[in-house]
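Undergrad: protein17.txt is reproduced below (compact mmCIF, N, CA and C atoms).
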# COMPACT_ATOMS: atom_id res chain seq x y z
N MET Q 94 -50.46 -37.00 52.67
CA MET Q 94 -50.48 -35.61 53.05
C MET Q 94 -49.05 -35.06 52.99
N ALA Q 95 -48.86 -34.00 52.28
CA ALA Q 95 -47.53 -33.41 52.12
C ALA Q 95 -47.25 -32.44 53.25
N THR Q 96 -46.00 -32.46 53.70
CA THR Q 96 -45.61 -31.49 54.73
C THR Q 96 -44.80 -30.40 54.07
N GLN Q 97 -44.92 -29.23 54.63
CA GLN Q 97 -44.19 -28.09 54.09
C GLN Q 97 -43.26 -27.55 55.16
N THR Q 98 -42.03 -27.29 54.78
CA THR Q 98 -41.05 -26.77 55.73
C THR Q 98 -40.82 -25.30 55.41
N LEU Q 99 -40.90 -24.49 56.42
CA LEU Q 99 -40.62 -23.08 56.24
C LEU Q 99 -39.12 -22.86 56.37
N THR Q 100 -38.56 -22.08 55.49
CA THR Q 100 -37.14 -21.75 55.55
C THR Q 100 -37.00 -20.43 56.28
N THR Q 101 -36.30 -20.47 57.36
CA THR Q 101 -36.10 -19.25 58.13
C THR Q 101 -34.78 -18.61 57.74
N THR Q 102 -34.62 -17.36 58.09
CA THR Q 102 -33.38 -16.67 57.76
C THR Q 102 -32.20 -17.29 58.50
N SER Q 103 -32.45 -17.84 59.68
CA SER Q 103 -31.34 -18.46 60.41
C SER Q 103 -30.89 -19.74 59.71
N SER Q 104 -31.82 -20.51 59.16
CA SER Q 104 -31.42 -21.72 58.44
C SER Q 104 -30.71 -21.37 57.13
N ILE Q 105 -31.11 -20.28 56.52
CA ILE Q 105 -30.41 -19.83 55.30
C ILE Q 105 -28.99 -19.40 55.67
N GLY Q 106 -28.86 -18.66 56.78
CA GLY Q 106 -27.53 -18.23 57.22
C GLY Q 106 -26.65 -19.41 57.55
N THR Q 107 -27.22 -20.43 58.19
CA THR Q 107 -26.46 -21.64 58.52
C THR Q 107 -26.02 -22.35 57.24
N ALA Q 108 -26.92 -22.44 56.28
CA ALA Q 108 -26.59 -23.09 55.00
C ALA Q 108 -25.48 -22.33 54.29
N ARG Q 109 -25.54 -21.01 54.32
CA ARG Q 109 -24.49 -20.21 53.68
C ARG Q 109 -23.15 -20.41 54.36
N ARG Q 110 -23.15 -20.44 55.70
CA ARG Q 110 -21.88 -20.66 56.42
C ARG Q 110 -21.31 -22.04 56.08
N LYS Q 111 -22.19 -23.03 56.04
CA LYS Q 111 -21.71 -24.38 55.69
C LYS Q 111 -21.16 -24.40 54.26
N TRP Q 112 -21.86 -23.73 53.35
CA TRP Q 112 -21.41 -23.68 51.96
C TRP Q 112 -20.07 -22.96 51.86
N THR Q 113 -19.92 -21.86 52.60
CA THR Q 113 -18.66 -21.12 52.59
C THR Q 113 -17.52 -21.98 53.13
N LEU Q 114 -17.78 -22.69 54.21
CA LEU Q 114 -16.75 -23.59 54.76
C LEU Q 114 -16.40 -24.69 53.77
N LEU Q 115 -17.41 -25.23 53.09
CA LEU Q 115 -17.17 -26.26 52.09
C LEU Q 115 -16.33 -25.72 50.94
N GLN Q 116 -16.64 -24.50 50.50
CA GLN Q 116 -15.86 -23.89 49.43
C GLN Q 116 -14.41 -23.67 49.86
N ARG Q 117 -14.21 -23.19 51.08
CA ARG Q 117 -12.85 -22.97 51.58
C ARG Q 117 -12.09 -24.28 51.68
N PHE Q 118 -12.76 -25.31 52.17
CA PHE Q 118 -12.14 -26.63 52.27
C PHE Q 118 -11.75 -27.13 50.89
N TRP Q 119 -12.67 -27.01 49.93
CA TRP Q 119 -12.43 -27.46 48.56
C TRP Q 119 -11.25 -26.71 47.95
N ASN Q 120 -11.23 -25.38 48.12
CA ASN Q 120 -10.12 -24.57 47.59
C ASN Q 120 -8.80 -24.95 48.23
N ALA Q 121 -8.82 -25.23 49.53
CA ALA Q 121 -7.59 -25.65 50.21
C ALA Q 121 -7.10 -26.99 49.67
N MET Q 122 -8.03 -27.90 49.40
CA MET Q 122 -7.65 -29.19 48.82
C MET Q 122 -7.03 -29.01 47.44
N ILE Q 123 -7.61 -28.13 46.64
CA ILE Q 123 -7.07 -27.89 45.30
C ILE Q 123 -5.68 -27.28 45.39
N LYS Q 124 -5.49 -26.30 46.28
CA LYS Q 124 -4.18 -25.68 46.43
C LYS Q 124 -3.14 -26.69 46.91
N ALA Q 125 -3.53 -27.57 47.82
CA ALA Q 125 -2.60 -28.60 48.30
C ALA Q 125 -2.22 -29.54 47.16
N GLN Q 126 -3.20 -29.91 46.35
CA GLN Q 126 -2.92 -30.81 45.22
C GLN Q 126 -2.00 -30.13 44.22
N GLN Q 127 -2.22 -28.85 43.96
CA GLN Q 127 -1.36 -28.11 43.04
C GLN Q 127 0.06 -28.01 43.59
N ALA Q 128 0.17 -27.79 44.89
CA ALA Q 128 1.50 -27.71 45.51
C ALA Q 128 2.23 -29.04 45.40
N ARG Q 129 1.49 -30.14 45.62
CA ARG Q 129 2.11 -31.46 45.47
C ARG Q 129 2.55 -31.69 44.03
N ALA Q 130 1.71 -31.29 43.08
CA ALA Q 130 2.06 -31.47 41.67
C ALA Q 130 3.27 -30.62 41.31
N ASP Q 131 3.29 -29.37 41.78
CA ASP Q 131 4.44 -28.50 41.51
C ASP Q 131 5.71 -29.09 42.10
N ARG Q 132 5.63 -29.62 43.32
CA ARG Q 132 6.80 -30.21 43.97
C ARG Q 132 7.26 -31.45 43.21
N TYR Q 133 6.30 -32.26 42.75
CA TYR Q 133 6.63 -33.46 41.99
C TYR Q 133 7.37 -33.08 40.71
N VAL Q 134 6.85 -32.07 39.99
CA VAL Q 134 7.48 -31.65 38.74
C VAL Q 134 8.87 -31.08 39.02
N ALA Q 135 8.99 -30.28 40.07
CA ALA Q 135 10.29 -29.71 40.41
C ALA Q 135 11.29 -30.81 40.76
N ASP Q 136 10.86 -31.78 41.55
CA ASP Q 136 11.74 -32.90 41.91
C ASP Q 136 12.15 -33.69 40.67
N TYR Q 137 11.18 -33.92 39.79
CA TYR Q 137 11.46 -34.67 38.57
C TYR Q 137 12.48 -33.93 37.70
N LEU Q 138 12.26 -32.64 37.52
CA LEU Q 138 13.19 -31.87 36.68
C LEU Q 138 14.57 -31.78 37.31
N GLN Q 139 14.61 -31.66 38.63
CA GLN Q 139 15.91 -31.63 39.31
C GLN Q 139 16.61 -32.97 39.14
N ASN Q 140 15.87 -34.05 39.26
CA ASN Q 140 16.43 -35.39 39.09
C ASN Q 140 16.98 -35.56 37.68
N ILE Q 141 16.21 -35.14 36.70
CA ILE Q 141 16.66 -35.22 35.31
C ILE Q 141 17.91 -34.35 35.12
N GLY Q 142 17.89 -33.17 35.73
CA GLY Q 142 19.05 -32.29 35.62
C GLY Q 142 20.30 -32.93 36.16
N TRP Q 143 20.17 -33.57 37.32
CA TRP Q 143 21.33 -34.26 37.90
C TRP Q 143 21.79 -35.40 37.00
N LYS Q 144 20.85 -36.13 36.46
CA LYS Q 144 21.23 -37.24 35.57
C LYS Q 144 21.94 -36.72 34.33
N LEU Q 145 21.42 -35.62 33.77
CA LEU Q 145 22.07 -35.04 32.59
C LEU Q 145 23.45 -34.52 32.93
N THR Q 146 23.59 -33.89 34.09
CA THR Q 146 24.89 -33.38 34.53
C THR Q 146 25.88 -34.51 34.72
N ASP Q 147 25.43 -35.58 35.39
CA ASP Q 147 26.30 -36.74 35.60
C ASP Q 147 26.71 -37.37 34.28
N SER Q 148 25.76 -37.48 33.36
CA SER Q 148 26.07 -38.06 32.05
C SER Q 148 27.07 -37.19 31.30
N ALA Q 149 26.87 -35.88 31.37
CA ALA Q 149 27.78 -34.96 30.68
C ALA Q 149 29.18 -35.04 31.29
N GLU Q 150 29.26 -35.10 32.62
CA GLU Q 150 30.57 -35.20 33.26
C GLU Q 150 31.27 -36.50 32.89
N ARG Q 151 30.53 -37.58 32.86
CA ARG Q 151 31.13 -38.87 32.46
C ARG Q 151 31.62 -38.82 31.01
N GLU Q 152 30.83 -38.18 30.15
CA GLU Q 152 31.21 -38.08 28.74
C GLU Q 152 32.46 -37.21 28.59
N ILE Q 153 32.53 -36.12 29.33
CA ILE Q 153 33.73 -35.26 29.29
C ILE Q 153 34.95 -36.03 29.77
N GLU Q 154 34.79 -36.76 30.87
CA GLU Q 154 35.92 -37.57 31.39
C GLU Q 154 36.33 -38.63 30.38
N ARG Q 155 35.35 -39.26 29.75
CA ARG Q 155 35.64 -40.31 28.78
C ARG Q 155 36.41 -39.74 27.59
N ARG Q 156 35.96 -38.59 27.11
CA ARG Q 156 36.62 -37.99 25.95
C ARG Q 156 38.02 -37.48 26.31
N SER Q 157 38.17 -36.92 27.50
CA SER Q 157 39.47 -36.39 27.88
C SER Q 157 40.47 -37.52 28.17
N SER Q 158 39.99 -38.66 28.66
CA SER Q 158 40.89 -39.77 28.94
C SER Q 158 41.26 -40.53 27.67
N SER Q 159 40.46 -40.41 26.64
CA SER Q 159 40.76 -41.14 25.39
C SER Q 159 41.75 -40.40 24.51
N LYS Q 160 42.08 -39.15 24.84
CA LYS Q 160 43.02 -38.37 24.02
C LYS Q 160 44.45 -38.73 24.31
Write the structure described by the file as structure tokens, please.
TA:
Amino acid sequence: MATQTLTTTSSIGTARRKWTLLQRFWNAMIKAQQARADRYVADYLQNIGWKLTDSAEREIERRSSSK
């Protein structure tokens, strides 16, 4: 024997609120992940920049001392 469940407007409203909260949570997770990725890329580029600057300074010193 099959049972049938009636969907009331209150249960629909509850489902919508839960779905909205889930969407907000999901969007917050995505934004946090993007922020971490942006920070990682910025740190990486800054690190590379420092390495390039240090290498350039060493090369300038090497060339100026060899003259």
Undergrad: Which centre and edge lengths in Å to one decimal define the box along x, y and z that fits every listed atom of region 130-138 of chain Q plus 8 Å per side, as JSON?
TA:
{"center_x": 8.1, "center_y": -31.6, "center_z": 40.3, "size_x": 28.9, "size_y": 22.2, "size_z": 23.3}
Undergrad: Using atom C of Ser148 (chain Q) and CA of Ala130 (chain Q) as the two end points, give the distance in Å to one decimal.
TA: 27.7 Å
Undergrad: Could you work out how far atom N of Asn140 (chain Q) lies from atom N of Glu154 (chain Q), giving the answer in Å with one decimal?
TA: 20.9 Å
Undergrad: Would you work out the distance separating CA of Gly142 (chain Q) from CA of Ser159 (chain Q), expressed in Å to one decimal?
TA: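 That distance, rounded to one decimal, is 25.6 Å.
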